[in-house]
file target-v7.cif (mmCIF, C-alpha atoms and all ligand atoms)
data_input
loop_
_atom_site.group_PDB
_atom_site.id
_atom_site.type_symbol
_atom_site.label_atom_id
_atom_site.label_comp_id
_atom_site.auth_asym_id
_atom_site.auth_seq_id
_atom_site.Cartn_x
_atom_site.Cartn_y
_atom_site.Cartn_z
ATOM 1 C CA MET A 230 0.000 0.000 0.000
ATOM 2 C CA ALA A 231 2.696 2.436 0.940
ATOM 3 C CA HIS A 232 4.058 2.292 -2.559
ATOM 4 C CA THR A 233 0.905 2.357 -4.577
ATOM 5 C CA HIS A 234 -0.746 5.512 -3.257
ATOM 6 C CA SER A 235 0.029 7.501 -6.363
ATOM 7 C CA PHE A 236 -1.600 5.088 -8.762
ATOM 8 C CA THR A 237 -4.461 6.570 -10.693
ATOM 9 C CA LEU A 238 -7.421 4.299 -11.179
ATOM 10 C CA PRO A 239 -9.744 5.233 -14.020
ATOM 11 C CA THR A 240 -13.000 6.916 -13.018
ATOM 12 C CA PRO A 241 -15.549 5.465 -12.932
ATOM 13 C CA PHE A 242 -13.778 2.334 -11.742
ATOM 14 C CA PRO A 243 -14.067 -0.627 -14.071
ATOM 15 C CA ARG A 244 -16.289 -3.496 -13.117
ATOM 16 C CA PRO A 245 -13.511 -5.830 -11.939
ATOM 17 C CA PHE A 246 -12.436 -3.191 -9.404
ATOM 18 C CA ARG A 247 -15.896 -2.937 -7.868
ATOM 19 C CA ALA A 248 -16.292 -6.637 -7.799
ATOM 20 C CA ARG A 249 -12.947 -7.354 -6.275
ATOM 21 C CA VAL A 250 -12.693 -4.715 -3.566
ATOM 22 C CA ALA A 251 -15.888 -5.999 -2.011
ATOM 23 C CA PRO A 252 -15.559 -9.760 -2.207
ATOM 24 C CA PRO A 253 -18.407 -11.682 -0.615
ATOM 25 C CA GLU A 254 -16.113 -13.430 1.852
ATOM 26 C CA GLY A 255 -14.419 -10.316 3.141
ATOM 27 C CA LEU A 256 -14.991 -6.887 4.565
ATOM 28 C CA ARG A 257 -13.659 -3.716 3.010
ATOM 29 C CA PRO A 258 -11.520 -1.705 5.433
ATOM 30 C CA SER A 259 -14.126 1.092 5.503
ATOM 31 C CA GLU A 260 -16.882 -1.350 6.481
ATOM 32 C CA TRP A 261 -14.642 -2.922 9.083
ATOM 33 C CA LEU A 262 -13.744 0.416 10.659
ATOM 34 C CA SER A 263 -17.278 1.756 10.630
ATOM 35 C CA GLN A 264 -18.401 -1.219 12.737
ATOM 36 C CA GLY A 265 -16.550 0.250 15.703
ATOM 37 C CA LEU A 266 -17.543 3.884 15.339
ATOM 38 C CA GLU A 267 -21.263 3.992 16.247
ATOM 39 C CA LEU A 268 -21.987 6.472 13.476
ATOM 40 C CA THR A 269 -25.459 8.019 13.367
ATOM 41 C CA PRO A 270 -27.059 10.417 10.839
ATOM 42 C CA GLY A 271 -25.934 14.005 11.114
ATOM 43 C CA MET A 272 -22.631 13.253 12.846
ATOM 44 C CA ARG A 273 -19.645 15.307 11.718
ATOM 45 C CA VAL A 274 -16.813 13.141 10.416
ATOM 46 C CA LEU A 275 -13.329 14.069 9.229
ATOM 47 C CA ASP A 276 -11.902 11.593 6.697
ATOM 48 C CA LEU A 277 -8.191 12.410 6.899
ATOM 49 C CA GLY A 278 -6.099 11.366 3.895
ATOM 50 C CA CYS A 279 -9.296 10.493 2.018
ATOM 51 C CA GLY A 280 -7.479 10.046 -1.299
ATOM 52 C CA LYS A 281 -10.052 9.649 -4.048
ATOM 53 C CA VAL A 282 -12.896 10.076 -1.573
ATOM 54 C CA LEU A 283 -14.379 6.575 -1.826
ATOM 55 C CA SER A 284 -14.453 6.091 1.945
ATOM 56 C CA SER A 285 -16.110 9.494 2.475
ATOM 57 C CA ILE A 286 -18.804 8.597 -0.060
ATOM 58 C CA PHE A 287 -19.294 5.224 1.616
ATOM 59 C CA LEU A 288 -19.700 6.763 5.088
ATOM 60 C CA ALA A 289 -22.074 9.498 3.921
ATOM 61 C CA LYS A 290 -24.195 7.017 1.963
ATOM 62 C CA GLU A 291 -24.288 4.239 4.530
ATOM 63 C CA PHE A 292 -24.626 6.257 7.727
ATOM 64 C CA GLY A 293 -25.997 9.662 6.691
ATOM 65 C CA VAL A 294 -23.042 11.438 8.275
ATOM 66 C CA THR A 295 -21.594 14.739 7.083
ATOM 67 C CA VAL A 296 -18.017 14.234 5.932
ATOM 68 C CA TRP A 297 -15.084 16.599 5.532
ATOM 69 C CA ALA A 298 -12.971 14.743 2.979
ATOM 70 C CA ALA A 299 -9.442 16.011 3.520
ATOM 71 C CA ASP A 300 -6.362 15.109 1.509
ATOM 72 C CA TYR A 301 -2.946 16.479 0.680
ATOM 73 C CA TRP A 302 -2.215 15.052 -2.771
ATOM 74 C CA ILE A 303 -5.638 14.706 -4.358
ATOM 75 C CA LYS A 304 -7.135 18.051 -5.208
ATOM 76 C CA PRO A 305 -10.648 18.984 -4.039
ATOM 77 C CA ASN A 306 -11.974 19.764 -7.529
ATOM 78 C CA GLU A 307 -11.088 16.241 -8.660
ATOM 79 C CA ASN A 308 -12.843 14.764 -5.634
ATOM 80 C CA MET A 309 -15.827 17.103 -6.079
ATOM 81 C CA GLU A 310 -16.598 15.443 -9.421
ATOM 82 C CA ARG A 311 -16.833 12.036 -7.744
ATOM 83 C CA ILE A 312 -18.918 13.443 -4.906
ATOM 84 C CA GLU A 313 -21.347 15.051 -7.383
ATOM 85 C CA GLN A 314 -21.559 11.814 -9.383
ATOM 86 C CA ALA A 315 -22.543 10.091 -6.142
ATOM 87 C CA GLY A 316 -25.174 12.788 -5.501
ATOM 88 C CA LEU A 317 -23.600 13.694 -2.177
ATOM 89 C CA SER A 318 -22.466 17.298 -2.619
ATOM 90 C CA ALA A 319 -24.647 18.353 0.332
ATOM 91 C CA SER A 320 -22.960 15.952 2.741
ATOM 92 C CA VAL A 321 -19.347 15.470 1.595
ATOM 93 C CA SER A 322 -16.991 18.484 1.423
ATOM 94 C CA PRO A 323 -13.577 17.999 -0.183
ATOM 95 C CA LEU A 324 -10.633 19.951 1.215
ATOM 96 C CA SER A 325 -6.959 20.286 0.489
ATOM 97 C CA VAL A 326 -5.135 19.935 3.809
ATOM 98 C CA GLU A 327 -1.867 18.862 5.320
ATOM 99 C CA ALA A 328 -2.401 16.679 8.371
ATOM 100 C CA HIS A 329 -0.354 18.970 10.663
ATOM 101 C CA ALA A 330 -2.146 22.176 9.710
ATOM 102 C CA LEU A 331 -5.859 21.438 9.842
ATOM 103 C CA PRO A 332 -8.186 24.410 9.348
ATOM 104 C CA PHE A 333 -10.753 23.442 11.996
ATOM 105 C CA SER A 334 -11.736 24.595 15.451
ATOM 106 C CA GLU A 335 -11.043 22.292 18.369
ATOM 107 C CA ARG A 336 -13.775 19.745 19.184
ATOM 108 C CA SER A 337 -15.297 19.968 15.694
ATOM 109 C CA PHE A 338 -15.879 16.270 14.981
ATOM 110 C CA ASP A 339 -17.826 13.315 16.325
ATOM 111 C CA ALA A 340 -15.393 11.015 14.544
ATOM 112 C CA ILE A 341 -12.078 11.264 12.766
ATOM 113 C CA VAL A 342 -11.331 8.388 10.420
ATOM 114 C CA SER A 343 -8.386 7.580 8.243
ATOM 115 C CA PHE A 344 -7.913 4.716 5.789
ATOM 116 C CA ASP A 345 -4.453 3.712 4.638
ATOM 117 C CA ALA A 346 -3.090 7.184 5.355
ATOM 118 C CA TYR A 347 -2.509 7.733 9.110
ATOM 119 C CA HIS A 348 0.815 5.860 9.080
ATOM 120 C CA TYR A 349 2.248 8.647 6.886
ATOM 121 C CA PHE A 350 1.999 11.156 9.745
ATOM 122 C CA GLY A 351 0.534 9.485 12.870
ATOM 123 C CA THR A 352 3.460 7.377 14.108
ATOM 124 C CA ASP A 353 5.012 10.483 15.628
ATOM 125 C CA ASP A 354 4.561 10.485 19.427
ATOM 126 C CA LEU A 355 3.146 13.998 19.428
ATOM 127 C CA TYR A 356 0.565 13.676 16.673
ATOM 128 C CA LEU A 357 -2.215 12.145 18.765
ATOM 129 C CA GLY A 358 -2.295 15.228 20.997
ATOM 130 C CA TYR A 359 -2.832 17.383 17.942
ATOM 131 C CA ILE A 360 -5.436 15.321 16.114
ATOM 132 C CA SER A 361 -7.478 14.389 19.183
ATOM 133 C CA SER A 362 -8.042 18.037 20.050
ATOM 134 C CA PHE A 363 -10.393 18.193 17.038
ATOM 135 C CA LEU A 364 -12.680 15.558 18.575
ATOM 136 C CA LYS A 365 -15.770 16.397 20.597
ATOM 137 C CA LEU A 366 -16.109 14.854 24.046
ATOM 138 C CA GLY A 367 -17.044 11.231 23.471
ATOM 139 C CA GLY A 368 -15.816 11.433 19.871
ATOM 140 C CA ARG A 369 -13.824 8.636 18.272
ATOM 141 C CA LEU A 370 -10.610 8.374 16.323
ATOM 142 C CA GLY A 371 -10.573 5.257 14.138
ATOM 143 C CA ILE A 372 -8.000 4.291 11.569
ATOM 144 C CA VAL A 373 -7.159 1.389 9.305
ATOM 145 C CA VAL A 374 -3.518 1.156 8.309
ATOM 146 C CA PRO A 375 -1.332 -1.429 6.624
ATOM 147 C CA GLY A 376 0.496 -3.161 9.425
ATOM 148 C CA THR A 377 2.098 -6.294 10.769
ATOM 149 C CA ARG A 378 0.481 -9.116 12.682
ATOM 150 C CA GLU A 379 3.212 -8.892 15.345
ATOM 151 C CA GLU A 380 5.747 -6.143 15.930
ATOM 152 C CA LEU A 381 8.790 -7.104 13.852
ATOM 153 C CA SER A 382 11.833 -8.225 15.833
ATOM 154 C CA VAL A 383 13.967 -8.635 12.697
ATOM 155 C CA ILE A 384 13.824 -5.975 10.004
ATOM 156 C CA PRO A 385 13.452 -6.849 7.237
ATOM 157 C CA PRO A 386 11.877 -10.250 7.795
ATOM 158 C CA PRO A 387 14.230 -12.608 5.920
ATOM 159 C CA HIS A 388 11.554 -14.265 3.791
ATOM 160 C CA VAL A 389 10.540 -10.909 2.246
ATOM 161 C CA ALA A 390 13.915 -9.133 2.437
ATOM 162 C CA ARG A 391 14.242 -8.889 -1.332
ATOM 163 C CA TYR A 392 11.011 -6.870 -1.545
ATOM 164 C CA TRP A 393 11.515 -4.711 1.540
ATOM 165 C CA VAL A 394 11.553 -0.911 1.284
ATOM 166 C CA TRP A 395 12.603 1.317 4.198
ATOM 167 C CA ASP A 396 9.223 3.030 4.618
ATOM 168 C CA PHE A 397 7.586 -0.285 5.510
ATOM 169 C CA CYS A 398 9.030 0.617 8.932
ATOM 170 C CA SER A 399 5.807 2.618 9.435
ATOM 171 C CA PHE A 400 3.844 -0.669 9.490
ATOM 172 C CA HIS A 401 3.084 -1.706 13.065
ATOM 173 C CA SER A 402 1.101 -4.286 14.975
ATOM 174 C CA SER A 403 -2.240 -3.672 16.691
ATOM 175 C CA SER A 404 -0.538 -3.853 20.103
ATOM 176 C CA TRP A 405 1.988 -1.238 19.000
ATOM 177 C CA TRP A 406 -0.863 1.112 18.055
ATOM 178 C CA ARG A 407 -2.660 0.413 21.328
ATOM 179 C CA ARG A 408 0.411 1.377 23.330
ATOM 180 C CA HIS A 409 1.223 4.316 21.036
ATOM 181 C CA TRP A 410 -2.153 5.866 21.875
ATOM 182 C CA GLU A 411 -2.692 4.578 25.432
ATOM 183 C CA LYS A 412 0.605 5.887 26.756
ATOM 184 C CA THR A 413 -0.625 9.462 26.174
ATOM 185 C CA ALA A 414 -3.710 8.909 28.382
ATOM 186 C CA LEU A 415 -5.523 11.269 26.017
ATOM 187 C CA LEU A 416 -7.908 8.655 24.631
ATOM 188 C CA GLU A 417 -9.358 5.365 25.749
ATOM 189 C CA VAL A 418 -8.472 2.648 23.240
ATOM 190 C CA GLU A 419 -11.576 0.529 22.640
ATOM 191 C CA THR A 420 -10.293 -1.703 19.852
ATOM 192 C CA ALA A 421 -6.930 -2.643 18.370
ATOM 193 C CA ASP A 422 -7.071 -5.651 16.084
ATOM 194 C CA THR A 423 -6.125 -7.064 12.708
ATOM 195 C CA LEU A 424 -8.506 -7.702 9.810
ATOM 196 C CA THR A 425 -8.864 -11.403 9.116
ATOM 197 C CA ASP A 426 -7.398 -12.018 5.675
ATOM 198 C CA GLY A 427 -6.752 -8.286 5.303
ATOM 199 C CA TRP A 428 -3.582 -9.107 3.419
ATOM 200 C CA LYS A 429 -5.736 -10.577 0.650
ATOM 201 C CA ARG A 430 -7.520 -7.220 0.227
ATOM 202 C CA TRP A 431 -4.105 -5.544 0.170
ATOM 203 C CA LEU A 432 -2.910 -8.002 -2.479
ATOM 204 C CA GLU A 433 -6.027 -7.432 -4.579
ATOM 205 C CA TRP A 434 -5.438 -3.682 -4.401
ATOM 206 C CA ASN A 435 -1.919 -4.098 -5.722
ATOM 207 C CA GLU A 436 -3.097 -6.396 -8.500
ATOM 208 C CA LEU A 437 -5.681 -3.808 -9.521
ATOM 209 C CA CYS A 438 -3.128 -1.015 -9.421
ATOM 210 C CA ALA A 439 -0.809 -3.075 -11.606
ATOM 211 C CA GLN A 440 -3.599 -3.674 -14.107
ATOM 212 C CA PHE A 441 -5.469 -0.356 -14.148
ATOM 213 C CA GLY A 442 -3.111 2.156 -12.548
ATOM 214 C CA GLN A 443 -0.358 4.318 -13.971
ATOM 215 C CA GLN A 444 1.673 1.941 -16.092
ATOM 216 C CA ASN A 445 4.989 3.630 -15.273
ATOM 217 C CA LEU A 446 4.425 2.545 -11.642
ATOM 218 C CA ALA A 447 3.006 -0.884 -12.342
ATOM 219 C CA HIS A 448 6.307 -2.597 -11.489
ATOM 220 C CA LEU A 449 6.005 -1.335 -7.887
ATOM 221 C CA ALA A 450 2.536 -2.797 -7.542
ATOM 222 C CA HIS A 451 3.726 -6.081 -9.017
ATOM 223 C CA ARG A 452 6.602 -6.158 -6.561
ATOM 224 C CA GLU A 453 4.445 -5.467 -3.511
ATOM 225 C CA ALA A 454 1.887 -8.033 -4.720
ATOM 226 C CA GLU A 455 4.646 -10.588 -5.065
ATOM 227 C CA MET A 456 5.818 -9.834 -1.517
ATOM 228 C CA LEU A 457 2.310 -10.398 -0.175
ATOM 229 C CA ARG A 458 2.001 -13.687 -2.044
ATOM 230 C CA VAL A 459 5.339 -14.902 -0.687
ATOM 231 C CA ASP A 460 4.372 -13.793 2.811
ATOM 232 C CA ASP A 461 1.004 -15.569 2.539
ATOM 233 C CA GLY A 462 -0.509 -13.750 5.522
ATOM 234 C CA ARG A 463 2.333 -14.519 7.951
ATOM 235 C CA THR A 464 3.490 -10.933 8.464
ATOM 236 C CA PHE A 465 1.321 -8.300 6.829
ATOM 237 C CA GLY A 466 -2.273 -7.253 7.356
ATOM 238 C CA PHE A 467 -4.544 -4.318 8.113
ATOM 239 C CA THR A 468 -4.578 -2.911 11.624
ATOM 240 C CA ARG A 469 -7.574 -1.159 13.188
ATOM 241 C CA PRO A 470 -7.159 0.931 16.335
ATOM 242 C CA ILE A 471 -10.224 2.836 17.551
ATOM 243 C CA ALA A 472 -10.193 5.146 20.558
ATOM 244 C CA LYS A 473 -12.651 7.434 22.288
ATOM 245 C CA THR A 474 -12.154 10.715 24.082
ATOM 246 C CA GLY A 475 -12.786 10.493 27.789
ATOM 247 C CA LYS A 476 -14.456 12.944 30.155
ATOM 248 C CA ARG A 477 -11.285 14.977 30.479
ATOM 249 C CA LEU A 478 -10.907 17.817 28.014
ATOM 250 C CA ILE A 479 -7.892 17.556 25.791
ATOM 251 C CA PRO A 480 -5.724 20.665 26.027
ATOM 252 C CA CYS A 481 -6.596 22.900 23.092
ATOM 253 C CA LYS A 482 -3.064 23.736 22.127
ATOM 254 C CA ARG A 483 -1.755 23.667 18.633
ATOM 255 C CA TRP A 484 1.718 22.716 17.676
ATOM 256 C CA ALA A 485 3.489 21.181 14.763
ATOM 257 C CA THR A 486 5.289 17.919 15.254
ATOM 258 C CA VAL A 487 7.126 17.498 11.998
ATOM 259 C CA SER A 488 7.858 19.725 9.132
ATOM 260 C CA PRO A 489 5.336 19.091 6.360
ATOM 261 C CA PRO A 490 6.871 18.874 2.898
ATOM 262 C CA SER A 491 5.694 22.230 1.622
ATOM 263 C CA PHE A 492 6.748 24.077 4.763
ATOM 264 C CA SER A 493 10.118 22.516 5.296
ATOM 265 C CA GLN A 494 12.225 25.631 5.680
ATOM 266 C CA GLY A 495 14.231 24.699 8.754
ATOM 267 C CA GLY A 496 13.854 27.122 11.625
ATOM 268 C CA SER A 497 11.273 29.373 10.003
ATOM 269 C CA PRO A 498 7.899 29.916 11.661
ATOM 270 C CA ILE A 499 4.785 28.410 10.170
ATOM 271 C CA ARG A 500 1.194 29.101 10.998
ATOM 272 C CA ALA A 501 -1.095 26.627 12.600
ATOM 273 C CA ILE A 502 -4.745 27.552 12.923
ATOM 274 C CA SER A 503 -6.384 27.262 16.312
ATOM 275 C CA GLY A 504 -10.042 28.203 16.173
ATOM 276 C CA SER A 505 -10.090 31.887 15.356
ATOM 277 C CA LYS A 506 -6.523 32.398 16.543
ATOM 278 C CA ILE A 507 -3.468 32.006 14.408
ATOM 279 C CA LEU A 508 -0.420 30.924 16.320
ATOM 280 C CA HIS A 509 3.140 31.095 15.190
ATOM 281 C CA VAL A 510 4.973 27.868 15.717
ATOM 282 C CA ARG A 511 8.703 27.652 15.330
ATOM 283 C CA PHE A 512 10.222 24.490 13.998
ATOM 284 C CA LEU A 513 13.242 23.419 15.987
ATOM 285 C CA ALA A 514 14.820 20.386 14.414
ATOM 286 C CA GLY A 515 11.301 19.345 13.426
ATOM 287 C CA ARG A 516 10.099 18.493 16.932
ATOM 288 C CA LEU A 517 8.676 20.625 19.733
ATOM 289 C CA HIS A 518 7.294 20.098 23.173
ATOM 290 C CA PRO A 519 3.588 20.931 23.123
ATOM 291 C CA PHE A 520 3.580 22.807 26.401
ATOM 292 C CA GLU A 521 6.593 24.935 25.712
ATOM 293 C CA PRO A 522 5.116 28.382 26.542
ATOM 294 C CA THR A 523 7.042 30.266 23.914
ATOM 295 C CA LEU A 524 5.167 28.364 21.230
ATOM 296 C CA HIS A 525 1.814 29.917 21.893
ATOM 297 C CA ARG A 526 2.205 33.527 20.993
ATOM 298 C CA PRO A 527 -1.011 34.891 19.550
ATOM 299 C CA HIS A 528 -0.473 36.467 16.175
HETATM 300 C C1 LIG B 601 -2.576 5.313 0.170
HETATM 301 S S1 LIG B 601 -3.534 6.760 -0.012
HETATM 302 C C2 LIG B 601 -5.069 6.284 0.758
HETATM 303 C C3 LIG B 601 -6.200 7.085 0.257
HETATM 304 C C4 LIG B 601 -7.571 6.673 0.763
HETATM 305 N N1 LIG B 601 -7.763 6.919 2.161
HETATM 306 C C5 LIG B 601 -7.855 5.219 0.442
HETATM 307 O O1 LIG B 601 -7.969 4.406 1.332
HETATM 308 O O2 LIG B 601 -7.939 4.920 -0.754
HETATM 309 C C6 LIG B 601 -2.832 7.827 1.221
HETATM 310 C C7 LIG B 601 -3.395 9.243 1.213
HETATM 311 O O3 LIG B 601 -2.864 9.912 2.348
HETATM 312 C C8 LIG B 601 -2.711 11.260 2.023
HETATM 313 N N2 LIG B 601 -1.679 11.851 2.868
HETATM 314 C C9 LIG B 601 -0.425 11.407 3.059
HETATM 315 N N3 LIG B 601 0.241 12.243 3.867
HETATM 316 C C10 LIG B 601 -0.629 13.227 4.199
HETATM 317 C C11 LIG B 601 -0.534 14.383 4.999
HETATM 318 N N4 LIG B 601 0.595 14.691 5.626
HETATM 319 N N5 LIG B 601 -1.623 15.175 5.118
HETATM 320 C C12 LIG B 601 -2.784 14.875 4.482
HETATM 321 N N6 LIG B 601 -2.934 13.782 3.697
HETATM 322 C C13 LIG B 601 -1.865 12.969 3.559
HETATM 323 C C14 LIG B 601 -2.284 11.282 0.575
HETATM 324 O O4 LIG B 601 -2.645 12.495 -0.016
HETATM 325 C C15 LIG B 601 -2.996 10.058 -0.002
HETATM 326 O O5 LIG B 601 -4.140 10.406 -0.736
#
call {"tool": "encode", "arguments": {"input": "target-v7.cif", "output": "structure tokens"}}
result
Amino acid sequence: MAHTHSFTLPTPFPRPFRARVAPPEGLRPSEWLSQGLELTPGMRVLDLGCGKVLSSIFLAKEFGVTVWAADYWIKPNENMERIEQAGLSASVSPLSVEAHALPFSERSFDAIVSFDAYHYFGTDDLYLGYISSFLKLGGRLGIVVPGTREELSVIPPPHVARYWVWDFCSFHSSSWWRRHWEKTALLEVETADTLTDGWKRWLEWNELCAQFGQQNLAHLAHREAEMLRVDDGRTFGFTRPIAKTGKRLIPCKRWATVSPPSFSQGGSPIRAISGSKILHVRFLAGRLHPFEPTLHRPH
């Protein structure tokens, strides 16, 4: 998955794609995640890293929720076409955002979801403090990410060493994600598990990308598919942590944890939006303590 995100599938998707992403014997990641979210009509949901907006459309259609479909690489006008085709322009709003500079007020959402995207930014220890401040009390953060069945003790695992790429290091086990979130005491982790046969969905995705995606990248999809076949479900799968905000209010501070690509001028201030306030945040070697008082100078 990590290496196929830039594949472009034709729109509308060809029949084999529809048939194969929703096989009768298996759940799609979006269905699997939504089972743990208790979504009800009218809820406000942020779909972070929504890509081509399929999950946002699914959630709005299935649950009647209002979705903010936010992504960094896929432009909102492209997503708007798909949303209009689905007849959901009143309930799904596409946005161009970077995950560290979200243009929302604190406690805006009943749920924040992310499919196959959170591992690009959320493995940083400080990110949970940032993202969870956008949840209402009782709101849930739920993600599905490519991961490992157990935390890897040997990297790369010898049987897939020839296919390994360094950024697979962002794949973690469900117990890693549980601890990653629980240690902050900001949220109560309700679920952290692995999708049964999730690796087969992952393999199917790569096969589809190889067949229908950008042909100059097809070799990467072939390679990742081959790795998943060799692994045969021993190592890789989809991981689903879901957590809920407790009674305690999360501190409404804004800070940046890593330098996003477009802002990566070392040492220069960037702006992070906090409700109606704009705060200047200084990057120091890409990592800051959230409660450092000098960070929170109103503009
Ligand atoms: C593998 S795609 C998954 C897209 C979609 N959620 C899905 O399941 O098909 C990962 C997405 O994460 C988004 N992404 C990666 N880093 C991001 C960041 N820092 N801020 C916002 N979106 C990001 C990319 O734009 C990309 O569309």
call {"tool": "axis_aligned_box", "arguments": {"input": "target-v7.cif", "around": "ligand LIG 601 (chain B)", "padding_each_side": "6 Å", "output": "JSON"}}
result
{"center_x": -3.7, "center_y": 9.8, "center_z": 2.4, "size_x": 20.6, "size_y": 22.8, "size_z": 18.4}
call {"tool": "closest_atom_pairs", "arguments": {"input": "target-v7.cif", "of": "region 340-436 of chain A", "to": "region 269-284 of chain A", "cutoff": "9 Å", "atoms": "all atoms listed in the file", "output": "CSV"}}
result
residue,atom,partner,partner_atom,distance
A:Ala340,CA,A:Val274,CA,4.9
A:Ile341,CA,A:Leu275,CA,4.7
A:Val342,CA,A:Asp276,CA,4.9
A:Ser343,CA,A:Leu277,CA,5.0
A:Phe344,CA,A:Cys279,CA,7.0
A:Asp345,CA,A:Gly278,CA,7.9
A:Ala346,CA,A:Gly278,CA,5.4
A:Tyr347,CA,A:Gly278,CA,7.3
call {"tool": "closest_residue", "arguments": {"input": "target-v7.cif", "among": "A:Ser320, A:Glu307, A:Gly367, A:Gly351", "to": "Phe292 (chain A)", "atoms": "only C-alpha atoms"}}
result
A:Ser320
call {"tool": "closest_residue", "arguments": {"input": "target-v7.cif", "among": "A:Arg452, A:His348, A:Lys290, A:Arg336", "to": "ligand LIG 601 (chain B)", "atoms": "only C-alpha atoms and all ligand atoms"}}
result
A:His348
call {"tool": "residues_around", "arguments": {"input": "target-v7.cif", "residues": "Gly462 (chain A)", "least_positions_apart": "3", "cutoff": "8 Å", "atoms": "all atoms listed in the file", "output": "list of chain:residue names"}}
result
A:Asp426, A:Trp428, A:Lys429, A:Leu457, A:Arg458, A:Phe465, A:Gly466
call {"tool": "write_last_selection", "arguments": {"input": "target-v7.cif", "atoms": "C-alpha atoms", "output": "PDB file, in the frame of the given file"}}
result
ATOM      1  CA  ASP A 426      -7.398 -12.018   5.675  1.00  0.00           C
ATOM      2  CA  TRP A 428      -3.582  -9.107   3.419  1.00  0.00           C
ATOM      3  CA  LYS A 429      -5.736 -10.577   0.650  1.00  0.00           C
ATOM      4  CA  LEU A 457       2.310 -10.398  -0.175  1.00  0.00           C
ATOM      5  CA  ARG A 458       2.001 -13.687  -2.044  1.00  0.00           C
ATOM      6  CA  PHE A 465       1.321  -8.300   6.829  1.00  0.00           C
ATOM      7  CA  GLY A 466      -2.273  -7.253   7.356  1.00  0.00           C
TER       8      GLY A 466
END
call {"tool": "atom_distance", "arguments": {"input": "target-v7.cif", "atom1": "atom O1 of ligand LIG 601 (chain B)", "atom2": "CA of Thr295 (chain A)"}}
result
18.0 Å
call {"tool": "closest_residue", "arguments": {"input": "target-v7.cif", "among": "A:Gln444, A:Ser403, A:Ser318, A:Asn435", "to": "ligand LIG 601 (chain B)", "atoms": "all atoms listed in the file"}}
result
A:Asn435
call {"tool": "atom_distance", "arguments": {"input": "target-v7.cif", "atom1": "atom C12 of ligand LIG 601 (chain B)", "atom2": "CA of His451 (chain A)"}}
result
25.8 Å
